[in-house]
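Everything below belongs to target.json, which stores JSON, C-alpha atoms and all ligand atoms.
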```json
[["chain", "number", "residue", "atom", "x", "y", "z"],
["A", 1, "MET", "CA", 5.17, 93.95, 10.54],
["A", 2, "SER", "CA", 2.15, 96.09, 11.28],
["A", 3, "ARG", "CA", 1.63, 97.52, 7.81],
["A", 4, "LYS", "CA", -1.13, 95.85, 5.87],
["A", 5, "ILE", "CA", -0.07, 94.14, 2.65],
["A", 6, "ILE", "CA", -1.80, 95.61, -0.41],
["A", 7, "ILE", "CA", -1.82, 93.79, -3.73],
["A", 8, "ALA", "CA", -2.83, 95.85, -6.77],
["A", 9, "GLY", "CA", -3.38, 94.61, -10.31],
["A", 10, "ASN", "CA", -2.53, 96.90, -13.22],
["A", 11, "TRP", "CA", -4.50, 95.59, -16.17],
["A", 12, "LYS", "CA", -2.75, 98.03, -18.56],
["A", 13, "MET", "CA", -4.36, 98.15, -22.03],
["A", 14, "HIS", "CA", -6.07, 94.78, -21.71],
["A", 15, "LYS", "CA", -9.70, 93.64, -21.58],
["A", 16, "THR", "CA", -12.77, 94.80, -23.42],
["A", 17, "ASN", "CA", -15.74, 95.46, -21.16],
["A", 18, "SER", "CA", -17.13, 91.95, -21.40],
["A", 19, "GLU", "CA", -13.69, 90.45, -20.71],
["A", 20, "ALA", "CA", -13.20, 92.88, -17.81],
["A", 21, "LEU", "CA", -16.50, 91.89, -16.23],
["A", 22, "GLN", "CA", -15.57, 88.24, -16.50],
["A", 23, "LEU", "CA", -12.15, 88.74, -14.91],
["A", 24, "ALA", "CA", -13.49, 90.97, -12.12],
["A", 25, "ASN", "CA", -16.16, 88.39, -11.35],
["A", 26, "GLN", "CA", -13.64, 85.57, -11.17],
["A", 27, "ILE", "CA", -11.38, 87.62, -8.90],
["A", 28, "ARG", "CA", -14.35, 88.45, -6.67],
["A", 29, "ILE", "CA", -15.29, 84.78, -6.32],
["A", 30, "LYS", "CA", -11.72, 83.65, -5.62],
["A", 31, "THR", "CA", -11.06, 86.23, -2.91],
["A", 32, "THR", "CA", -14.17, 86.03, -0.73],
["A", 33, "ASP", "CA", -12.07, 84.49, 2.08],
["A", 34, "ILE", "CA", -9.57, 87.39, 2.15],
["A", 35, "THR", "CA", -9.89, 89.59, 5.23],
["A", 36, "ARG", "CA", -6.42, 90.97, 6.04],
["A", 37, "THR", "CA", -4.91, 91.83, 2.67],
["A", 38, "GLY", "CA", -5.75, 94.95, 0.71],
["A", 39, "MET", "CA", -6.81, 94.29, -2.89],
["A", 40, "ILE", "CA", -7.06, 96.80, -5.73],
["A", 41, "ILE", "CA", -7.78, 96.23, -9.40],
["A", 42, "CYS", "CA", -7.01, 98.83, -12.05],
["A", 43, "PRO", "CA", -8.84, 98.12, -15.31],
["A", 44, "PRO", "CA", -8.73, 100.49, -18.30],
["A", 45, "PHE", "CA", -10.87, 103.65, -18.04],
["A", 46, "THR", "CA", -13.59, 102.16, -20.22],
["A", 47, "ALA", "CA", -14.21, 99.28, -17.81],
["A", 48, "LEU", "CA", -14.05, 101.20, -14.51],
["A", 49, "ALA", "CA", -17.76, 101.88, -14.05],
["A", 50, "PRO", "CA", -18.99, 98.40, -15.08],
["A", 51, "VAL", "CA", -16.30, 96.67, -12.99],
["A", 52, "TYR", "CA", -17.28, 98.80, -9.99],
["A", 53, "GLU", "CA", -20.74, 97.24, -10.10],
["A", 54, "VAL", "CA", -19.15, 93.79, -9.73],
["A", 55, "ILE", "CA", -16.90, 94.61, -6.78],
["A", 56, "LYS", "CA", -18.72, 97.40, -4.93],
["A", 57, "ASP", "CA", -19.93, 95.12, -2.12],
["A", 58, "THR", "CA", -16.55, 93.43, -1.65],
["A", 59, "ASN", "CA", -13.30, 94.64, -0.09],
["A", 60, "ILE", "CA", -11.65, 94.90, -3.51],
["A", 61, "GLY", "CA", -10.80, 98.53, -4.31],
["A", 62, "LEU", "CA", -10.96, 100.05, -7.76],
["A", 63, "GLY", "CA", -8.25, 102.18, -9.35],
["A", 64, "ALA", "CA", -7.61, 103.97, -12.65],
["A", 65, "GLN", "CA", -4.25, 103.76, -14.41],
["A", 66, "ASN", "CA", -3.83, 107.48, -15.06],
["A", 67, "MET", "CA", -5.71, 110.80, -15.09],
["A", 68, "TYR", "CA", -5.17, 114.41, -16.07],
["A", 69, "TRP", "CA", -4.80, 117.13, -13.42],
["A", 70, "GLU", "CA", -7.27, 119.70, -14.76],
["A", 71, "LYS", "CA", -10.85, 119.72, -13.50],
["A", 72, "GLU", "CA", -12.42, 120.04, -16.95],
["A", 73, "GLY", "CA", -11.93, 121.85, -20.23],
["A", 74, "ALA", "CA", -10.64, 121.57, -23.77],
["A", 75, "PHE", "CA", -8.27, 118.61, -23.23],
["A", 76, "THR", "CA", -9.43, 116.14, -25.84],
["A", 77, "GLY", "CA", -8.92, 112.55, -24.83],
["A", 78, "GLU", "CA", -8.09, 113.25, -21.20],
["A", 79, "ILE", "CA", -9.93, 112.12, -18.06],
["A", 80, "SER", "CA", -10.26, 114.35, -14.97],
["A", 81, "PRO", "CA", -9.90, 113.27, -11.32],
["A", 82, "GLY", "CA", -13.62, 113.92, -10.79],
["A", 83, "MET", "CA", -14.49, 111.67, -13.73],
["A", 84, "VAL", "CA", -12.33, 108.87, -12.33],
["A", 85, "LYS", "CA", -13.94, 109.31, -8.91],
["A", 86, "SER", "CA", -17.44, 109.22, -10.43],
["A", 87, "THR", "CA", -16.86, 105.67, -11.71],
["A", 88, "GLY", "CA", -16.54, 104.41, -8.14],
["A", 89, "ALA", "CA", -12.73, 104.28, -8.23],
["A", 90, "SER", "CA", -10.81, 105.34, -5.15],
["A", 91, "TYR", "CA", -7.23, 104.84, -6.37],
["A", 92, "VAL", "CA", -5.23, 106.02, -9.36],
["A", 93, "ILE", "CA", -1.84, 104.86, -10.60],
["A", 94, "ILE", "CA", 0.37, 107.85, -11.31],
["A", 95, "GLY", "CA", 3.70, 108.02, -13.11],
["A", 96, "HIS", "CA", 3.89, 104.41, -14.27],
["A", 97, "SER", "CA", 7.14, 103.95, -16.20],
["A", 98, "GLU", "CA", 5.18, 103.21, -19.39],
["A", 99, "ARG", "CA", 3.53, 106.64, -19.04],
["A", 100, "ARG", "CA", 6.90, 108.24, -18.40],
["A", 101, "GLN", "CA", 8.47, 106.39, -21.34],
["A", 102, "TYR", "CA", 5.76, 106.64, -24.03],
["A", 103, "PHE", "CA", 3.56, 109.54, -22.99],
["A", 104, "GLY", "CA", 5.93, 112.21, -21.78],
["A", 105, "GLU", "CA", 5.20, 112.07, -18.05],
["A", 106, "THR", "CA", 7.77, 113.86, -15.93],
["A", 107, "ASP", "CA", 8.28, 114.26, -12.20],
["A", 108, "ASP", "CA", 6.54, 117.61, -12.58],
["A", 109, "THR", "CA", 3.38, 116.19, -14.19],
["A", 110, "VAL", "CA", 3.47, 113.35, -11.68],
["A", 111, "ASN", "CA", 3.52, 115.91, -8.87],
["A", 112, "LYS", "CA", 0.56, 117.84, -10.32],
["A", 113, "LYS", "CA", -1.43, 114.64, -10.75],
["A", 114, "ILE", "CA", -0.71, 113.41, -7.21],
["A", 115, "LYS", "CA", -1.90, 116.72, -5.76],
["A", 116, "THR", "CA", -5.12, 116.88, -7.76],
["A", 117, "ALA", "CA", -5.84, 113.19, -7.16],
["A", 118, "LEU", "CA", -5.64, 113.81, -3.41],
["A", 119, "GLU", "CA", -7.73, 116.98, -3.64],
["A", 120, "ASN", "CA", -10.42, 114.88, -5.31],
["A", 121, "GLY", "CA", -10.36, 112.10, -2.75],
["A", 122, "LEU", "CA", -8.39, 109.63, -4.86],
["A", 123, "LYS", "CA", -5.45, 107.73, -3.37],
["A", 124, "PRO", "CA", -2.45, 107.78, -5.69],
["A", 125, "ILE", "CA", -0.25, 104.75, -6.35],
["A", 126, "VAL", "CA", 2.92, 106.52, -7.40],
["A", 127, "CYS", "CA", 5.45, 104.55, -9.47],
["A", 128, "VAL", "CA", 9.19, 105.12, -9.38],
["A", 129, "GLY", "CA", 12.11, 103.05, -10.62],
["A", 130, "GLU", "CA", 15.33, 103.02, -12.56],
["A", 131, "SER", "CA", 16.10, 101.77, -16.08],
["A", 132, "LEU", "CA", 18.57, 98.98, -16.81],
["A", 133, "HIS", "CA", 21.09, 101.54, -18.01],
["A", 134, "GLU", "CA", 20.74, 103.52, -14.77],
["A", 135, "ARG", "CA", 21.19, 100.39, -12.66],
["A", 136, "GLU", "CA", 24.28, 99.41, -14.62],
["A", 137, "GLU", "CA", 25.66, 102.92, -14.16],
["A", 138, "ASN", "CA", 25.16, 102.52, -10.41],
["A", 139, "ILE", "CA", 22.86, 105.51, -10.18],
["A", 140, "THR", "CA", 19.71, 103.70, -9.02],
["A", 141, "ASP", "CA", 19.70, 105.48, -5.65],
["A", 142, "ARG", "CA", 20.09, 108.91, -7.19],
["A", 143, "VAL", "CA", 17.37, 108.31, -9.80],
["A", 144, "VAL", "CA", 14.85, 106.94, -7.31],
["A", 145, "LYS", "CA", 15.63, 109.68, -4.77],
["A", 146, "LEU", "CA", 14.96, 112.38, -7.35],
["A", 147, "GLN", "CA", 11.73, 110.76, -8.51],
["A", 148, "VAL", "CA", 10.48, 110.52, -4.93],
["A", 149, "GLU", "CA", 11.56, 114.02, -3.92],
["A", 150, "LEU", "CA", 10.30, 115.79, -7.04],
["A", 151, "GLY", "CA", 7.15, 113.71, -7.36],
["A", 152, "LEU", "CA", 6.07, 114.34, -3.76],
["A", 153, "VAL", "CA", 7.26, 117.91, -3.27],
["A", 154, "GLY", "CA", 4.72, 120.17, -1.57],
["A", 155, "LEU", "CA", 2.57, 117.42, -0.07],
["A", 156, "SER", "CA", 1.61, 117.66, 3.59],
["A", 157, "ALA", "CA", 2.30, 114.78, 5.97],
["A", 158, "ASP", "CA", -1.46, 114.16, 6.18],
["A", 159, "GLN", "CA", -1.75, 113.95, 2.40],
["A", 160, "MET", "CA", 1.25, 111.66, 2.24],
["A", 161, "LYS", "CA", -0.49, 109.11, 4.48],
["A", 162, "LYS", "CA", -2.94, 108.47, 1.63],
["A", 163, "VAL", "CA", -0.22, 107.75, -0.94],
["A", 164, "ILE", "CA", 1.07, 104.32, -1.93],
["A", 165, "ILE", "CA", 4.49, 104.14, -3.57],
["A", 166, "ALA", "CA", 5.36, 101.38, -6.00],
["A", 167, "TYR", "CA", 9.01, 100.70, -6.68],
["A", 168, "GLU", "CA", 9.15, 99.25, -10.16],
["A", 169, "PRO", "CA", 12.58, 98.79, -11.69],
["A", 170, "ILE", "CA", 11.91, 99.30, -15.40],
["A", 171, "TRP", "CA", 14.15, 96.40, -16.38],
["A", 172, "ALA", "CA", 11.95, 94.04, -14.40],
["A", 173, "ILE", "CA", 8.61, 95.11, -15.88],
["A", 174, "GLY", "CA", 7.09, 92.60, -18.27],
["A", 175, "THR", "CA", 10.50, 91.02, -18.82],
["A", 176, "GLY", "CA", 10.24, 88.04, -16.50],
["A", 177, "LYS", "CA", 13.31, 89.41, -14.67],
["A", 178, "THR", "CA", 12.53, 90.19, -11.06],
["A", 179, "ALA", "CA", 14.68, 92.22, -8.76],
["A", 180, "SER", "CA", 15.99, 89.85, -6.12],
["A", 181, "PRO", "CA", 14.21, 90.28, -2.78],
["A", 182, "GLU", "CA", 17.43, 91.81, -1.42],
["A", 183, "GLN", "CA", 17.77, 94.26, -4.32],
["A", 184, "ALA", "CA", 14.15, 95.32, -3.92],
["A", 185, "GLN", "CA", 14.42, 95.59, -0.12],
["A", 186, "GLU", "CA", 17.47, 97.83, -0.46],
["A", 187, "VAL", "CA", 15.61, 100.35, -2.63],
["A", 188, "HIS", "CA", 12.47, 100.12, -0.48],
["A", 189, "LEU", "CA", 14.51, 100.99, 2.59],
["A", 190, "LEU", "CA", 16.08, 103.89, 0.70],
["A", 191, "ILE", "CA", 12.60, 105.17, -0.21],
["A", 192, "ARG", "CA", 11.41, 104.83, 3.38],
["A", 193, "ASN", "CA", 14.42, 106.82, 4.58],
["A", 194, "ILE", "CA", 13.74, 109.57, 2.03],
["A", 195, "LEU", "CA", 10.09, 109.69, 3.13],
["A", 196, "SER", "CA", 11.23, 109.87, 6.72],
["A", 197, "LYS", "CA", 13.35, 112.94, 5.96],
["A", 198, "MET", "CA", 10.54, 114.58, 3.99],
["A", 199, "PHE", "CA", 7.51, 113.76, 6.16],
["A", 200, "GLY", "CA", 8.81, 112.39, 9.47],
["A", 201, "SER", "CA", 9.51, 108.85, 10.57],
["A", 202, "GLY", "CA", 5.95, 108.23, 11.82],
["A", 203, "VAL", "CA", 4.49, 108.90, 8.39],
["A", 204, "ALA", "CA", 7.25, 106.99, 6.61],
["A", 205, "GLU", "CA", 6.58, 103.93, 8.75],
["A", 206, "GLU", "CA", 2.89, 103.95, 7.83],
["A", 207, "ILE", "CA", 3.30, 104.21, 4.09],
["A", 208, "THR", "CA", 2.68, 101.18, 1.92],
["A", 209, "LEU", "CA", 5.63, 100.50, -0.38],
["A", 210, "GLN", "CA", 4.75, 98.06, -3.14],
["A", 211, "TYR", "CA", 7.20, 96.25, -5.37],
["A", 212, "GLY", "CA", 6.36, 95.81, -9.05],
["A", 213, "GLY", "CA", 8.09, 94.03, -11.90],
["A", 214, "SER", "CA", 7.30, 90.44, -12.91],
["A", 215, "VAL", "CA", 5.67, 89.55, -9.60],
["A", 216, "LYS", "CA", 4.07, 86.11, -9.84],
["A", 217, "PRO", "CA", 2.90, 83.39, -7.45],
["A", 218, "GLY", "CA", 6.36, 81.79, -7.56],
["A", 219, "ASN", "CA", 8.26, 84.83, -6.29],
["A", 220, "ALA", "CA", 5.61, 86.70, -4.28],
["A", 221, "GLU", "CA", 6.43, 85.13, -0.92],
["A", 222, "SER", "CA", 10.15, 85.93, -0.97],
["A", 223, "LEU", "CA", 9.49, 89.52, -2.04],
["A", 224, "LEU", "CA", 6.62, 90.16, 0.37],
["A", 225, "SER", "CA", 8.62, 88.70, 3.27],
["A", 226, "GLN", "CA", 11.08, 91.57, 3.12],
["A", 227, "ASN", "CA", 10.83, 94.13, 5.89],
["A", 228, "ASP", "CA", 10.01, 97.14, 3.76],
["A", 229, "ILE", "CA", 8.01, 95.46, 1.00],
["A", 230, "ASP", "CA", 4.36, 95.96, 1.91],
["A", 231, "GLY", "CA", 2.66, 94.83, -1.24],
["A", 232, "ALA", "CA", 2.91, 94.34, -4.96],
["A", 233, "LEU", "CA", 1.80, 96.08, -8.13],
["A", 234, "VAL", "CA", 1.20, 93.20, -10.49],
["A", 235, "GLY", "CA", 0.98, 93.47, -14.28],
["A", 236, "GLY", "CA", 1.03, 90.28, -16.35],
["A", 237, "ALA", "CA", 0.06, 87.93, -13.52],
["A", 238, "CYS", "CA", -3.07, 89.95, -12.68],
["A", 239, "LEU", "CA", -4.70, 89.24, -16.04],
["A", 240, "LYS", "CA", -5.61, 85.73, -14.92],
["A", 241, "ALA", "CA", -7.83, 85.36, -11.86],
["A", 242, "ASP", "CA", -5.93, 82.26, -10.73],
["A", 243, "SER", "CA", -2.48, 83.81, -10.57],
["A", 244, "PHE", "CA", -3.73, 87.12, -9.13],
["A", 245, "SER", "CA", -5.70, 85.37, -6.41],
["A", 246, "ASP", "CA", -2.74, 83.07, -5.70],
["A", 247, "ILE", "CA", -0.56, 86.13, -5.02],
["A", 248, "ILE", "CA", -3.27, 87.59, -2.77],
["A", 249, "HIS", "CA", -3.53, 84.31, -0.83],
["A", 250, "ILE", "CA", 0.25, 84.23, -0.38],
["A", 251, "ALA", "CA", 0.07, 87.75, 1.07],
["A", 252, "GLU", "CA", -2.81, 86.74, 3.34],
["A", 253, "GLY", "CA", -0.75, 83.80, 4.59],
["A", 254, "LEU", "CA", 2.08, 86.13, 5.54],
["A", 255, "THR", "CA", -0.05, 88.21, 7.89],
["A", 256, "LYS", "CA", -1.29, 86.97, 11.21],
["A", 257, "ALA", "CA", -4.95, 86.07, 11.64],
["A", 301, "LIG", "P1", 4.60, 93.12, -14.79],
["A", 301, "LIG", "O1", 4.12, 94.66, -14.73],
["A", 301, "LIG", "O2", 4.11, 92.46, -13.54],
["A", 301, "LIG", "O3", 3.96, 92.56, -16.03],
["A", 301, "LIG", "O4", 6.08, 93.14, -14.87],
["A", 301, "LIG", "C1", 4.18, 95.38, -13.55],
["A", 301, "LIG", "C2", 3.76, 96.81, -13.80],
["A", 301, "LIG", "O5", 4.10, 97.37, -14.85],
["A", 301, "LIG", "O6", 3.08, 97.44, -12.95]]
```
With the file now loaded, output its structure as structure tokens.
Ligand code: PGA
Amino acid sequence: MSRKIIIAGNWKMHKTNSEALQLANQIRIKTTDITRTGMIICPPFTALAPVYEVIKDTNIGLGAQNMYWEKEGAFTGEISPGMVKSTGASYVIIGHSERRQYFGETDDTVNKKIKTALENGLKPIVCVGESLHEREENITDRVVKLQVELGLVGLSADQMKKVIIAYEPIWAIGTGKTASPEQAQEVHLLIRNILSKMFGSGVAEEITLQYGGSVKPGNAESLLSQNDIDGALVGGACLKADSFSDIIHIAEGLTKA
């Protein structure tokens, strides 16, 4: 497989600034030997700028977990793309299922955020995935297809090359239940086929498709060995430097030196 594996850690609402600095430092030390695997950490907004100072001379990228689409204005409590960029971040997670579930994100807001992230030089990590109910109703394909099509509508092929997509079945997030490698591969292939129809097969082949949902050192290899799984978006297991770096080393081992 020619696509580079990219492992991202979504810290969610964890870590005060001093805790964040400690974790970022430990991750930095444990990954100095990594040369082929992409690494991204996504601390809370408050820790972005300080964490950037720790990792700026490494090949670990920095990402935010959300942003608003307006440039500036009377939007109390929101953070603009330019503000995220000014911390040193170059990625932003958009449309995480927790944002869709608790904070009213829709495919339409996801689409607006993706576009403004790209306009501001941020690379979006766009999350899609079905709920347990939707899987049991056998409508996973339809749900994911709609999220991909509506979320990415209006993007050019060139813009799309800067987007990472994370398939995160909601029933596997934070539950300890992982999609089997075959289940995940099936949806990843579906997503790649949709991208191929929307942006052409060349672009679709280049795009990094991450899997997310209870990824840990024990299941990373079987997931990352699948043809269309090019990385992982890790929640719980990224809060400890040991487990996050173990997953990164497993990815590194899967790519040729
Ligand atoms: P988890 O979270 O690894 O704790 O399941 C993944 C995510 O929500 O991105």
Point to revise | At most 10 Å from ligand LIG 301 (chain A) (all atoms listed in the file): residue list as a ChimeraX atom specification | key: /A:8-12,65,93,96-98,127,166-178,210-216,232-239
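The smallest atom-to-atom distance between A:Val187 and any of A:Ile40, A:Ile229, A:Val153, A:Ala20, using all atoms listed in the file, is found for A:Ile229.
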Exercise for review: Please return, as number ranges by chain, all polymer residues that have at least one atom within 10 Å of the point (14.4, 110.1, -6.8); use only C-alpha atoms and the file's own coordinate frame.
Suggested key: A: 107, 128-130, 140-152, 190-191, 194
Review point. Can you list, as a PyMOL selection string, every protein, DNA or RNA residue that comes within 9 Å of A:Leu224 when you count all atoms listed in the file, leaving out same-chain residues fewer than 6 positions away?
Key: chain A and resi 5+181+210-211+230-232+250-251+254
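The gap separating atom CA of A:Gly88 from atom CA of A:Gly61 is 9.1 Å, in Å to one decimal.
When the distance limit is 9 Å and all atoms listed in the file are what count, the residues near A:Met67, minus those fewer than 5 positions from it on the same chain, are A:Glu78, A:Ile79, A:Ser80, A:Pro81, A:Met83, A:Val84, A:Val92, A:Ile93, A:Ile94, A:Lys113, A:Ala117.
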Residues from the last selection, C-alpha atoms, saved as a compact mmCIF listing (two decimals), in the coordinates of the input:
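selection06.txt was written with the following content:
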```
# COMPACT_ATOMS: atom_id res chain seq x y z
CA GLU A 78 -8.09 113.25 -21.20
CA ILE A 79 -9.93 112.12 -18.06
CA SER A 80 -10.26 114.35 -14.97
CA PRO A 81 -9.90 113.27 -11.32
CA MET A 83 -14.49 111.67 -13.73
CA VAL A 84 -12.33 108.87 -12.33
CA VAL A 92 -5.23 106.02 -9.36
CA ILE A 93 -1.84 104.86 -10.60
CA ILE A 94 0.37 107.85 -11.31
CA LYS A 113 -1.43 114.64 -10.75
CA ALA A 117 -5.84 113.19 -7.16
```
Revision key, fill the gap. Atom CA of A:Thr32 to atom CA of A:Ile55 measures 10.8 Å
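Across A:Thr208, A:Ser86, A:Asn66, A:Thr35, the tightest approach to A:Ile6 is made by A:Thr208 when counting all atoms listed in the file.
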Exercise for review: Have a look at A:His133, A:Met198, A:Glu182, A:Ala204 and name the one nearest to A:Lys161; count only C-alpha atoms.
Suggested key: A:Ala204
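Atom CA of A:Lys15 to atom CA of A:Ala74 spans 28.0 Å [interatomic distance, one decimal].
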Box centre and edge lengths (Å, one decimal), axis-aligned, stretch 157-171 of chain A plus 8 Å each side, as AutoDock Vina command-line options:
```
--center_x 5.6 --center_y 105.6 --center_z -5.1 --size_x 33.1 --size_y 34.4 --size_z 38.6
```
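Considering all atoms listed in the file, the residue among A:Leu223, A:Ala157, A:Ala47, A:Val126 positioned nearest to A:Thr109 is A:Val126.
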